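Visitor: Next comes query32.cif, mmCIF, C-alpha atoms:
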```cif
data_my_file
#
loop_
_atom_site.label_atom_id
_atom_site.label_comp_id
_atom_site.auth_asym_id
_atom_site.auth_seq_id
_atom_site.Cartn_x
_atom_site.Cartn_y
_atom_site.Cartn_z
CA MET A 1 -78.27 96.59 199.34
CA ALA A 2 -76.85 98.34 196.30
CA ALA A 3 -76.18 94.99 194.66
CA ALA A 4 -79.79 93.94 195.31
CA ARG A 5 -81.19 97.11 193.73
CA TRP A 6 -78.68 97.15 190.87
CA PRO A 7 -77.86 93.53 189.98
CA PHE A 8 -75.73 94.63 187.02
CA LEU A 9 -73.43 96.77 189.24
CA PRO A 10 -70.75 94.05 189.77
CA TYR A 11 -70.61 93.52 185.99
CA ALA A 12 -70.26 97.26 185.44
CA ARG A 13 -67.38 97.43 187.91
CA CYS A 14 -65.72 94.46 186.23
CA PHE A 15 -66.15 96.06 182.82
CA ARG A 16 -64.70 99.35 184.10
CA ALA A 17 -61.66 97.53 185.49
CA LYS A 18 -61.14 95.67 182.22
CA PHE A 19 -61.53 98.90 180.27
CA ARG A 20 -58.82 100.52 182.38
CA CYS A 21 -56.50 97.59 181.66
CA ALA A 22 -57.34 97.77 177.98
CA LYS A 23 -56.65 101.51 177.94
CA VAL A 24 -53.28 100.98 179.61
CA SER A 25 -52.46 98.19 177.16
CA LEU A 26 -53.42 100.37 174.20
CA CYS A 27 -51.25 103.20 175.50
CA HIS A 28 -48.38 100.76 175.91
CA VAL A 29 -48.84 99.50 172.36
CA LEU A 30 -48.89 103.03 170.96
CA GLU A 31 -45.81 103.94 172.97
CA SER A 32 -44.04 100.82 171.78
CA PHE A 33 -44.97 101.60 168.20
CA ALA A 34 -43.57 105.11 168.59
CA LYS A 35 -40.33 103.60 169.87
CA ASP A 36 -40.27 101.12 166.98
CA GLU A 37 -40.33 98.19 169.44
CA ILE A 38 -42.90 96.08 167.59
CA ARG A 39 -41.26 96.01 164.19
CA CYS A 40 -40.97 92.22 164.46
CA THR A 41 -44.77 92.02 164.68
CA LEU A 42 -45.61 94.34 161.82
CA GLY A 43 -42.65 93.39 159.64
CA ALA A 44 -39.60 95.57 159.02
CA THR A 45 -39.38 97.49 155.76
CA MET A 46 -36.47 99.04 153.94
CA LYS A 47 -35.40 102.48 155.13
CA TYR A 48 -32.36 104.69 154.75
CA MET A 49 -30.36 107.30 156.63
CA THR A 50 -27.83 109.69 155.12
CA ALA A 51 -25.14 111.98 156.49
CA GLY A 52 -22.80 114.49 154.92
CA GLU A 53 -22.69 118.11 153.89
CA LEU A 54 -21.92 120.33 150.93
CA ARG A 55 -18.31 120.94 151.95
CA GLY A 56 -17.62 117.49 153.35
CA ALA A 57 -15.10 115.12 151.78
CA SER A 58 -17.73 112.38 151.45
CA LEU A 59 -21.38 111.50 151.94
CA VAL A 60 -22.55 108.29 153.61
CA ALA A 61 -25.75 106.27 153.54
CA ILE A 62 -27.02 103.33 155.59
CA VAL A 63 -29.90 101.19 154.31
CA ASP A 64 -31.56 99.04 156.96
CA ASP A 65 -33.91 96.04 156.70
CA VAL A 66 -32.60 94.98 153.29
CA PRO A 67 -33.69 91.39 152.53
CA ALA A 68 -30.94 88.80 152.41
CA GLY A 69 -30.10 87.36 149.00
CA LEU A 70 -30.67 90.48 146.88
CA ARG A 71 -28.08 90.75 144.12
CA LEU A 72 -26.48 94.19 144.17
CA GLN A 73 -23.70 95.62 142.04
CA ALA A 74 -21.72 98.82 142.49
CA ALA A 75 -22.22 99.51 138.78
CA SER A 76 -25.97 99.98 139.25
CA ILE A 77 -25.34 102.47 142.06
CA GLN A 78 -22.88 104.39 139.90
CA ALA A 79 -25.32 104.44 136.98
CA ASP A 80 -27.99 106.16 139.08
CA LEU A 81 -25.43 108.65 140.42
CA ASP A 82 -24.39 109.48 136.87
CA ARG A 83 -28.02 110.08 135.85
CA TRP A 84 -28.52 112.41 138.83
CA SER A 85 -25.30 114.30 138.12
CA HIS A 86 -26.27 114.59 134.46
CA GLY A 87 -29.66 116.04 135.42
CA CYS A 88 -28.12 118.63 137.76
CA SER A 89 -25.42 119.75 135.33
CA CYS A 90 -27.72 121.07 132.56
CA GLY A 91 -25.25 119.85 129.95
CA GLU A 92 -22.18 121.42 131.59
CA ARG A 93 -19.09 119.34 132.39
CA ARG A 94 -19.20 118.07 135.95
CA GLU A 95 -16.88 115.93 138.05
CA VAL A 96 -18.10 112.37 138.62
CA ASP A 97 -19.23 111.25 142.09
CA CYS A 98 -17.95 107.75 142.90
CA ALA A 99 -19.82 105.36 145.21
CA ALA A 100 -18.55 102.32 147.10
CA ILE A 101 -20.28 99.62 149.17
CA LEU A 102 -18.66 99.27 152.58
CA SER A 103 -20.72 96.51 154.20
CA GLY A 104 -23.86 94.42 153.95
CA VAL A 105 -22.93 92.57 150.75
CA SER A 106 -21.21 89.18 150.60
CA ALA A 107 -18.36 88.17 148.30
CA ASP A 108 -20.82 86.82 145.72
CA GLY A 109 -22.54 90.21 145.42
CA ARG A 110 -25.66 89.40 147.44
CA THR A 111 -26.99 91.24 150.47
CA THR A 112 -26.51 89.53 153.82
CA GLY A 113 -29.54 90.97 155.62
CA SER A 114 -27.35 93.25 157.74
CA PRO A 115 -27.52 97.04 157.38
CA LEU A 116 -25.90 98.08 154.14
CA SER A 117 -23.48 101.02 154.22
CA LEU A 118 -22.30 103.10 151.28
CA VAL A 119 -19.97 106.05 150.83
CA VAL A 120 -20.01 108.64 148.04
CA ASP A 121 -16.85 110.66 147.49
CA ASN A 122 -17.77 114.33 147.15
CA ALA A 123 -16.41 115.29 143.74
CA ALA A 124 -17.14 118.95 144.46
CA TYR A 125 -15.12 118.90 147.70
CA ARG A 126 -12.10 120.84 146.45
CA SER A 127 -14.09 123.52 144.65
CA SER A 128 -16.55 123.87 147.54
CA LEU A 129 -13.83 124.74 150.03
CA GLU A 130 -14.13 128.29 148.75
CA ASP A 131 -15.90 130.35 151.40
CA GLU A 132 -19.06 132.30 150.77
CA ALA A 133 -18.73 136.04 150.24
CA PRO A 134 -18.03 137.90 153.51
CA GLY A 135 -21.20 138.35 155.53
CA GLN A 136 -23.32 136.03 153.38
CA ALA A 137 -23.62 133.44 156.17
CA ALA A 138 -25.74 135.96 158.11
CA VAL A 139 -28.05 136.75 155.18
CA PRO A 140 -30.76 134.09 154.57
CA ARG A 141 -31.76 133.31 150.99
CA PRO A 142 -35.43 133.88 150.12
CA GLY A 143 -37.24 130.63 149.36
CA SER A 144 -34.73 128.48 151.25
CA ALA A 145 -34.65 126.84 154.69
CA ASP A 146 -32.02 129.33 155.89
CA LEU A 147 -34.11 131.56 158.15
CA ALA A 148 -36.55 128.93 159.46
CA GLY A 149 -33.72 126.45 159.98
CA LEU A 150 -31.68 129.00 161.90
CA LEU A 151 -34.63 129.72 164.18
CA ALA A 152 -35.31 126.00 164.66
CA THR A 153 -31.73 125.11 165.60
CA ASP A 154 -30.78 128.35 167.38
CA ALA A 155 -27.70 128.58 165.15
CA ASN A 156 -25.46 131.63 164.97
CA ASP A 157 -25.63 131.87 161.18
CA CYS A 158 -27.06 130.10 158.13
CA ARG A 159 -23.93 128.13 157.24
CA SER A 160 -24.97 124.82 158.82
CA ILE A 161 -28.46 125.11 157.32
CA VAL A 162 -27.04 125.70 153.85
CA GLU A 163 -24.71 122.72 154.28
CA GLY A 164 -27.45 120.35 155.44
CA SER A 165 -30.14 121.36 152.95
CA SER A 166 -27.89 121.50 149.89
CA ALA A 167 -28.82 119.45 146.84
CA ARG A 168 -25.42 117.78 147.26
CA SER A 169 -26.90 115.64 150.03
CA GLN A 170 -29.12 114.01 147.39
CA ALA A 171 -26.07 112.07 146.16
CA ALA A 172 -26.24 109.83 149.23
CA LEU A 173 -29.98 109.31 148.70
CA ILE A 174 -29.43 108.36 145.05
CA ALA A 175 -26.76 105.83 146.01
CA ALA A 176 -28.97 104.31 148.71
CA SER A 177 -31.99 104.11 146.40
CA ALA A 178 -30.16 101.76 144.05
CA VAL A 179 -30.81 99.07 146.66
CA ALA A 180 -34.57 99.69 146.58
CA ARG A 181 -34.56 99.85 142.77
CA GLU A 182 -32.75 96.52 142.48
CA PHE A 183 -35.25 95.01 144.91
CA LEU A 184 -38.20 96.26 142.84
CA ALA A 185 -36.58 95.09 139.60
CA GLU A 186 -36.78 91.52 140.97
CA PHE A 187 -40.56 91.84 140.56
CA GLY A 188 -40.53 93.58 137.19
CA VAL A 189 -41.02 97.12 138.54
CA GLU A 190 -39.39 100.00 136.65
CA ILE A 191 -39.41 103.64 137.78
CA GLN A 192 -38.90 106.23 135.06
CA SER A 193 -38.85 110.02 135.08
CA TYR A 194 -38.25 112.79 132.58
CA VAL A 195 -38.63 116.54 132.31
CA THR A 196 -41.74 117.86 130.53
CA ARG A 197 -41.23 121.58 131.20
CA ILE A 198 -38.50 124.00 132.23
CA GLY A 199 -39.62 127.58 132.68
CA ALA A 200 -41.89 128.38 129.73
CA ALA A 201 -40.41 125.69 127.45
CA ALA A 202 -42.56 122.55 127.41
CA MET A 203 -43.28 119.42 125.39
CA ARG A 204 -46.02 120.79 123.13
CA GLU A 205 -45.31 119.49 119.64
CA GLN A 206 -46.90 116.12 120.44
CA PRO A 207 -49.59 115.03 122.89
CA ILE A 208 -48.14 113.38 125.99
CA ASP A 209 -49.74 110.02 126.74
CA PHE A 210 -50.36 110.45 130.46
CA GLU A 211 -51.70 106.90 130.68
CA THR A 212 -48.28 105.30 130.13
CA LEU A 213 -45.53 107.99 129.91
CA ARG A 214 -43.24 105.36 128.43
CA TYR A 215 -40.04 106.39 126.68
CA THR A 216 -36.75 104.53 126.28
CA PRO A 217 -33.85 105.40 128.62
CA LEU A 218 -31.80 106.45 125.58
CA GLU A 219 -34.44 108.99 124.54
CA ILE A 220 -34.36 110.53 128.02
CA GLU A 221 -30.70 110.37 129.04
CA SER A 222 -29.31 111.51 125.68
CA SER A 223 -30.91 114.91 126.30
CA PRO A 224 -28.85 117.44 128.34
CA VAL A 225 -32.03 118.30 130.26
CA ARG A 226 -33.48 114.74 130.43
CA CYS A 227 -36.36 115.56 128.07
CA PRO A 228 -37.20 112.89 125.44
CA SER A 229 -38.43 115.46 122.89
CA ALA A 230 -35.60 116.89 120.78
CA GLN A 231 -37.52 120.05 119.92
CA ALA A 232 -38.59 120.75 123.50
CA SER A 233 -35.10 119.90 124.75
CA ARG A 234 -33.56 122.62 122.57
CA ALA A 235 -36.11 125.16 123.79
CA MET A 236 -35.36 124.22 127.41
CA GLU A 237 -31.62 124.65 126.85
CA GLU A 238 -32.28 128.15 125.51
CA GLU A 239 -34.34 128.97 128.61
CA ILE A 240 -31.50 127.76 130.84
CA ALA A 241 -28.90 129.75 128.90
CA ALA A 242 -30.94 132.95 129.34
CA ALA A 243 -31.36 132.28 133.07
CA ARG A 244 -27.62 131.66 133.45
CA VAL A 245 -26.80 135.03 131.91
CA ALA A 246 -29.18 136.71 134.37
CA GLY A 247 -27.86 134.72 137.34
CA ASP A 248 -31.40 133.40 137.83
CA THR A 249 -32.86 129.91 138.30
CA LEU A 250 -35.68 127.93 136.68
CA GLY A 251 -38.24 125.40 137.87
CA GLY A 252 -40.44 123.12 135.82
CA GLU A 253 -42.46 119.93 135.72
CA VAL A 254 -41.47 116.28 135.84
CA ALA A 255 -43.33 113.19 134.68
CA VAL A 256 -42.87 110.00 136.70
CA ALA A 257 -44.11 106.57 135.64
CA ILE A 258 -43.91 103.31 137.58
CA HIS A 259 -44.38 100.28 135.35
CA GLY A 260 -45.08 96.70 136.42
CA VAL A 261 -46.61 97.45 139.83
CA ALA A 262 -48.56 94.58 141.40
CA PRO A 263 -52.32 95.19 141.82
CA ALA A 264 -53.97 96.01 145.16
CA LEU A 265 -50.94 97.38 147.01
CA GLY A 266 -51.73 100.04 149.59
CA SER A 267 -54.83 100.55 151.72
CA TYR A 268 -58.41 101.74 151.24
CA ARG A 269 -58.69 102.72 154.93
CA GLY A 270 -56.33 105.68 154.98
CA GLY A 271 -52.62 105.92 154.31
CA GLY A 272 -53.14 104.57 150.80
CA MET A 273 -50.61 104.34 148.00
CA MET A 274 -51.42 107.78 146.61
CA ALA A 275 -50.68 109.34 150.00
CA ARG A 276 -47.45 107.36 150.39
CA LEU A 277 -46.10 108.21 146.95
CA SER A 278 -47.09 111.86 147.39
CA LYS A 279 -45.21 111.97 150.68
CA ALA A 280 -42.19 110.42 148.98
CA ALA A 281 -42.20 113.06 146.23
CA PHE A 282 -42.66 115.92 148.70
CA SER A 283 -39.69 114.61 150.69
CA VAL A 284 -37.47 116.11 147.98
CA ASN A 285 -36.70 119.78 148.45
CA ASP A 286 -38.15 122.12 145.78
CA VAL A 287 -41.12 119.82 145.01
CA VAL A 288 -44.25 121.99 145.20
CA SER A 289 -47.06 119.94 143.61
CA VAL A 290 -48.00 116.32 142.86
CA SER A 291 -50.87 114.95 140.76
CA PHE A 292 -51.79 111.50 139.47
CA GLY A 293 -53.00 110.47 136.04
CA SER A 294 -55.25 113.01 134.34
CA ALA A 295 -56.08 114.70 137.66
CA CYS A 296 -56.19 118.23 136.27
CA ASP A 297 -58.50 117.18 133.45
CA VAL A 298 -60.66 114.97 135.71
CA THR A 299 -61.72 117.96 137.82
CA ARG A 300 -63.49 119.35 134.74
CA ARG A 301 -65.22 116.08 133.78
CA ARG A 302 -68.43 114.48 134.93
CA GLY A 303 -68.15 111.31 136.97
CA SER A 304 -69.41 109.20 134.08
CA ALA A 305 -66.30 110.15 132.09
CA ALA A 306 -63.77 110.36 134.92
CA TYR A 307 -63.15 106.72 135.83
CA ASP A 308 -61.61 103.58 134.34
CA SER A 309 -63.90 100.68 133.42
CA ALA A 310 -62.89 97.22 134.65
CA VAL A 311 -62.24 94.59 131.97
CA LEU A 312 -61.10 90.98 131.90
CA GLY A 313 -57.54 90.87 130.54
CA ALA A 314 -55.24 88.05 129.52
CA HIS A 315 -53.65 87.95 132.99
CA GLY A 316 -56.68 88.73 135.15
CA PHE A 317 -58.70 91.82 135.95
CA ALA A 318 -57.58 95.05 134.31
CA HIS A 319 -58.88 98.47 133.25
CA ALA A 320 -59.77 99.72 129.79
CA THR A 321 -58.05 103.08 130.43
CA ASN A 322 -55.72 104.61 133.01
CA ILE A 323 -57.31 107.98 133.77
CA SER A 324 -56.72 107.42 137.49
CA GLY A 325 -52.97 107.08 137.02
CA GLY A 326 -52.77 103.53 138.35
CA ILE A 327 -54.31 104.10 141.79
CA GLU A 328 -57.98 103.85 142.81
CA GLY A 329 -59.26 104.21 146.36
CA GLY A 330 -55.73 104.09 147.79
CA LEU A 331 -54.84 100.81 146.03
CA THR A 332 -52.79 100.18 142.91
CA THR A 333 -54.76 98.90 139.91
CA GLY A 334 -51.95 97.03 138.18
CA ALA A 335 -51.64 99.70 135.49
CA SER A 336 -48.67 102.06 135.32
CA VAL A 337 -48.66 104.57 138.18
CA VAL A 338 -48.41 107.98 136.53
CA MET A 339 -47.46 111.15 138.37
CA ARG A 340 -46.80 114.77 137.44
CA VAL A 341 -44.58 116.68 139.85
CA GLY A 342 -44.02 120.44 139.97
CA VAL A 343 -40.52 121.66 140.86
CA ALA A 344 -39.78 125.17 142.14
CA PRO A 345 -36.72 127.15 141.00
CA SER A 346 -33.66 126.73 143.21
CA ALA A 347 -33.24 129.35 145.93
CA SER A 348 -29.47 129.48 145.28
CA LEU A 349 -29.40 132.43 142.88
CA ARG A 350 -26.29 134.24 141.75
CA ALA A 351 -28.28 137.43 141.26
CA PRO A 352 -28.68 139.41 144.54
CA GLN A 353 -32.03 139.04 146.34
CA LYS A 354 -33.57 141.30 148.95
CA SER A 355 -33.16 139.93 152.46
CA ILE A 356 -32.04 140.97 155.95
CA ASP A 357 -28.71 140.83 157.76
CA LEU A 358 -29.30 138.82 160.93
CA GLU A 359 -26.34 140.43 162.70
CA THR A 360 -27.23 144.08 162.09
CA LEU A 361 -30.98 143.54 161.42
CA SER A 362 -30.65 145.90 158.47
CA ASP A 363 -31.65 145.37 154.84
CA ALA A 364 -29.19 143.28 152.87
CA GLU A 365 -28.84 141.26 149.68
CA SER A 366 -28.30 137.53 149.56
CA SER A 367 -26.51 135.55 146.87
CA SER A 368 -25.03 132.07 146.56
CA ALA A 369 -21.61 130.85 145.46
CA ALA A 370 -23.04 127.37 144.75
CA TYR A 371 -25.08 128.26 141.69
CA SER A 372 -26.83 126.17 139.05
CA PRO A 373 -29.51 127.70 136.79
CA CYS A 374 -31.71 124.59 136.76
CA LEU A 375 -31.85 121.46 138.92
CA VAL A 376 -35.11 120.01 137.57
CA GLY A 377 -33.45 117.02 135.87
CA GLY A 378 -31.58 116.08 139.04
CA VAL A 379 -34.67 116.58 141.21
CA ALA A 380 -36.49 114.11 138.93
CA VAL A 381 -33.94 111.39 139.73
CA ALA A 382 -34.18 112.23 143.46
CA ILE A 383 -37.98 111.82 143.24
CA GLU A 384 -37.43 108.39 141.68
CA ALA A 385 -35.21 107.52 144.64
CA GLU A 386 -37.76 108.46 147.30
CA ILE A 387 -40.52 106.66 145.40
CA ALA A 388 -38.36 103.54 145.15
CA PHE A 389 -38.11 103.34 148.94
CA ALA A 390 -41.83 103.98 149.43
CA LEU A 391 -42.76 101.28 146.93
CA ALA A 392 -40.19 98.79 148.24
CA SER A 393 -41.71 99.22 151.71
CA ALA A 394 -45.17 98.48 150.29
CA TYR A 395 -43.87 95.27 148.69
CA GLN A 396 -42.18 94.16 151.91
CA GLU A 397 -45.32 94.84 153.92
CA ARG A 398 -47.38 92.72 151.53
CA PHE A 399 -44.94 89.90 150.79
CA GLY A 400 -42.53 89.81 153.74
CA GLY A 401 -39.06 91.21 154.14
CA ALA A 402 -36.40 88.86 155.58
CA ALA A 403 -35.18 86.80 152.60
CA MET A 404 -35.60 87.25 148.85
CA SER A 405 -36.52 83.58 148.39
CA ASP A 406 -39.46 83.91 150.80
CA ILE A 407 -40.58 87.20 149.26
CA HIS A 408 -40.55 85.66 145.77
CA SER A 409 -42.61 82.69 146.97
CA SER A 410 -45.17 84.97 148.59
CA TYR A 411 -45.30 87.23 145.54
CA ASP A 412 -45.79 84.30 143.13
CA ALA A 413 -48.61 82.87 145.27
CA TYR A 414 -50.30 86.27 145.44
CA MET A 415 -50.16 86.84 141.67
CA ARG A 416 -51.40 83.29 141.07
CA ARG A 417 -54.40 83.95 143.32
CA LEU A 418 -55.24 87.13 141.40
CA ARG A 419 -55.13 85.27 138.09
CA LEU A 420 -57.38 82.50 139.42
CA ALA A 421 -59.87 85.06 140.73
CA ALA A 422 -60.52 86.23 137.17
CA ARG A 423 -61.39 82.74 135.86
#
```
I'd like the structure from this file rewritten - as structure tokens, please.

Guide:
Amino acid sequence: MAAARWPFLPYARCFRAKFRCAKVSLCHVLESFAKDEIRCTLGATMKYMTAGELRGASLVAIVDDVPAGLRLQAASIQADLDRWSHGCSCGERREVDCAAILSGVSADGRTTGSPLSLVVDNAAYRSSLEDEAPGQAAVPRPGSADLAGLLATDANDCRSIVEGSSARSQAALIAASAVAREFLAEFGVEIQSYVTRIGAAAMREQPIDFETLRYTPLEIESSPVRCPSAQASRAMEEEIAAARVAGDTLGGEVAVAIHGVAPALGSYRGGGMMARLSKAAFSVNDVVSVSFGSACDVTRRRGSAAYDSAVLGAHGFAHATNISGGIEGGLTTGASVVMRVGVAPSASLRAPQKSIDLETLSDAESSSAAYSPCLVGGVAVAIEAEIAFALASAYQERFGGAAMSDIHSSYDAYMRRLRLAAR
């Protein structure tokens, strides 16, 4: 009777049953994705994991989903570690961290496709065995993860939080990132960073070309503060010297440029390249702001003067300018990706800061035995490292990720198609 009055009822029931199955299937897919069970479908991308603490004898890193056939040398890892150490030292003498590859590389110096493991000997191990001042483990430092981390982990004091969040852990990240950097170098990608401001001292004697931000490595690394301007570098050193006398710390600003990026990487439907690179930069402690291209100036312009006009270049489509900083609508344009990153002062001050004693719940003063007046130069290298992994993942998603020979073939075909599209 019901079927006679409502002839579409059987179809509705069938649709409802299919919808239930579809909903269950969708839930299963989402659950599988959360458990990382469908990596073989989406394609695995390079990722890293680190372990080690401030007072540990060594730091370790494991890099997974590294393509087979990538040439990797320990010297390139050591070079990045030296740059990071140089940036953290502010010109002071510092013991050298030494890295070694434990597995994942064959006798001929090429990756095997297995997880790659590295170890970094903690050069500061002996000096860091010195305990904090009595009672300091119960006094959280303002501006640090001490108090929130203690509440999150239900720890008895801040010691484990200090150990885990220390800038020393960046050494393992820097060592691991050499793998991603070598991978990107295979496709002509270069990541460069330098310091544009420390405290009130900034590069002002010459206009900074935010469309390219290109300087030679010698101009950057020969400066004690990793600033390519000799005049600004001297002013920054004076700022640091004054902060050291006061037991205070300084923040600043870093310029990051990525040259040679392939066009149209990312997505215009959310989760684009600007979001991914921003997330990478913010993954580094003390990073407080990120902008791309001439973002600050663009907010004051009209739309007619805020965008880059498309032109036909010698190698395909290009842009007449790079106001956008190399990313439009979530996709790379093929121009240099240009970022400006703000870095907060370190929370590890030598000068006492007002806080609270978590044992007595009374007012107290915090201070830190592990003190450096300025870490901006080292943070810049750590930002490069996180960006290298984010960009390497984007390349693997676009061109594949199992073997370097296959990735090169896919990349060459892609670039050839882009060139033909402009003819």

Visitor: For Ser368 (chain A), find every residue with an atom within 6 Å (counting all atoms listed in the file), except residues of its own chain fewer than 5 positions away, and show them as a list in words.

Guide: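 My list of contacting residues is Ser348, Leu349 and Arg350 of chain A.
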
Visitor: Return as a list in words the set of residues that the PyMOL selection byres ((chain A and resi 275) around 12) yields on the displayed structure.

Guide: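 Output of the PyMOL selection byres ((chain A and resi 275) around 12): Gly266, Ser267, Tyr268, Arg269, Gly270, Gly271, Gly272, Met273, Met274, Arg276, Leu277, Ser278, Lys279, Ala280, Ala281, Phe282, Val290, Ser291, Phe292, Ile327, Glu328, Gly329, Gly330, Leu331, Thr332, Ile387, Ala390 and Leu391 of chain A.
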
Visitor: Calculate how many Å separate CA of Ala172 (chain A) from CA of Pro115 (chain A), rounding to one decimal.

Guide: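 Separation of CA of Ala172 (chain A) and CA of Pro115 (chain A): 15.2 Å.
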
Visitor: Just want the 7 Å neighbourhood of Lys47 (chain A), counted on all atoms listed in the file, with same-chain residues fewer than 6 positions away dropped. Output as a compact mmCIF listing (two decimals) with C-alpha atoms, in the coordinates of the input.

Guide:
```txt
# COMPACT_ATOMS: atom_id res chain seq x y z
CA VAL A 63 -29.90 101.19 154.31
CA ASP A 64 -31.56 99.04 156.96
CA ASP A 65 -33.91 96.04 156.70
CA PHE A 389 -38.11 103.34 148.94
```

Visitor: Assuming 6 Å of padding per side, give the centre and edge lengths of the axis-aligned box around every listed atom of region 139-150 of chain A, in Å to one decimal and as lines of an AutoDock Vina configuration file.

Guide:
```
center_x = -32.6
center_y = 131.6
center_z = 155.6
size_x = 21.2
size_y = 22.3
size_z = 24.5
```

Visitor: Quick one: residues within 10 Å of Ala137 (chain A), only C-alpha atoms, excluding same-chain residues fewer than 4 positions away - as a list in words?

Guide: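 Once the adjacent positions are removed, what remains is Asp131, Glu132, Ala133, Arg141, Asp146, Asn156, Asp157, Cys158, Arg159, Ser160, Ile161, Val162, Asp357, Leu358, Glu359, Ser366, Ser367 and Ser368 of chain A.
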
Visitor: As an exercise, work out the distance from CA of Ala171 (chain A) to CA of Cys88 (chain A) in Å and give it to one decimal place.

Guide: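 Taking CA of Ala171 (chain A) as the start and CA of Cys88 (chain A) as the end point, the length is 10.9 Å.
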
Visitor: Which residues match the PyMOL selection byres ((chain A and resi 99) around 6) in the file above, as a list in words?

Guide: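 Selection result, ordered by chain and number: Cys98, Ala100, Val119 and Val120 of chain A.
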
Visitor: Quick one: of A:Ala305, A:Met415, A:Ile383, A:Ser372, who's nearest to Val245 (chain A), counting only C-alpha atoms?

Guide: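 Result for the nearest residue to Val245 (chain A): A:Ser372.
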
Visitor: For Leu361 (chain A), list every protein, DNA or RNA residue within 10 Å, evaluated using all atoms listed in the file, and leave out those in the same chain fewer than 5 positions away; present the list as a VMD selection string.

Guide: chain A and resid 138 to 139 355 to 356

Visitor: Figure out the distance between CA of Pro217 (chain A) and CA of Asp297 (chain A), please, to one decimal in Å.

Guide: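 Spanning CA of Asp297 (chain A) to CA of Pro217 (chain A) is a straight-line distance of 27.7 Å.
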
Visitor: Could you check the closest approach to Ala403 (chain A) for each of A:Arg340, A:His315, A:Arg71, A:Arg423 and tell me which residue wins, using all atoms listed in the file?

Guide: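 Residue with the minimum atom-to-atom distance to Ala403 (chain A): A:Arg71.
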
Visitor: Evaluate the PyMOL selection byres ((chain A and resi 226) around 12) on the structure here and hand back the selected residues as a PyMOL selection string.

Guide: chain A and resi 83-91+192-198+203+215-225+227-230+232-234+236-237+253-255+374-381

Visitor: With distances taken over all atoms listed in the file, which residue among A:Ala392, A:Phe317, A:Ala57, A:Gly401 lies nearest Phe187 (chain A)?

Guide: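 The closest residue to Phe187 (chain A) is A:Ala392.
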
Visitor: Within 10 Å of region 176-184 of chain A, counting only C-alpha atoms, which residues show up once you throw out same-chain ones fewer than 6 positions away? Write them as JSON, numbers by chain, please.

Guide: {"A": [46, 47, 48, 49, 50, 60, 61, 62, 63, 66, 67, 70, 71, 72, 73, 74, 75, 76, 77, 78, 79, 80, 81, 99, 101, 111, 116, 117, 118, 119, 120, 170, 190, 191, 260, 261, 382, 384, 385, 386, 387, 388, 389, 390, 391, 392, 393, 395, 396, 404]}

Visitor: Go through A:Arg416, A:Arg214, A:Arg168, A:Arg110 and flag the residue nearest Arg55 (chain A), using only C-alpha atoms for the distances.

Guide: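 Nearest to Arg55 (chain A): A:Arg168.
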
Visitor: Pick from A:Val311, A:Ala201, A:Ala347, A:Val288: nearest to Glu239 (chain A), with only C-alpha atoms counted?

Guide: A:Ala201
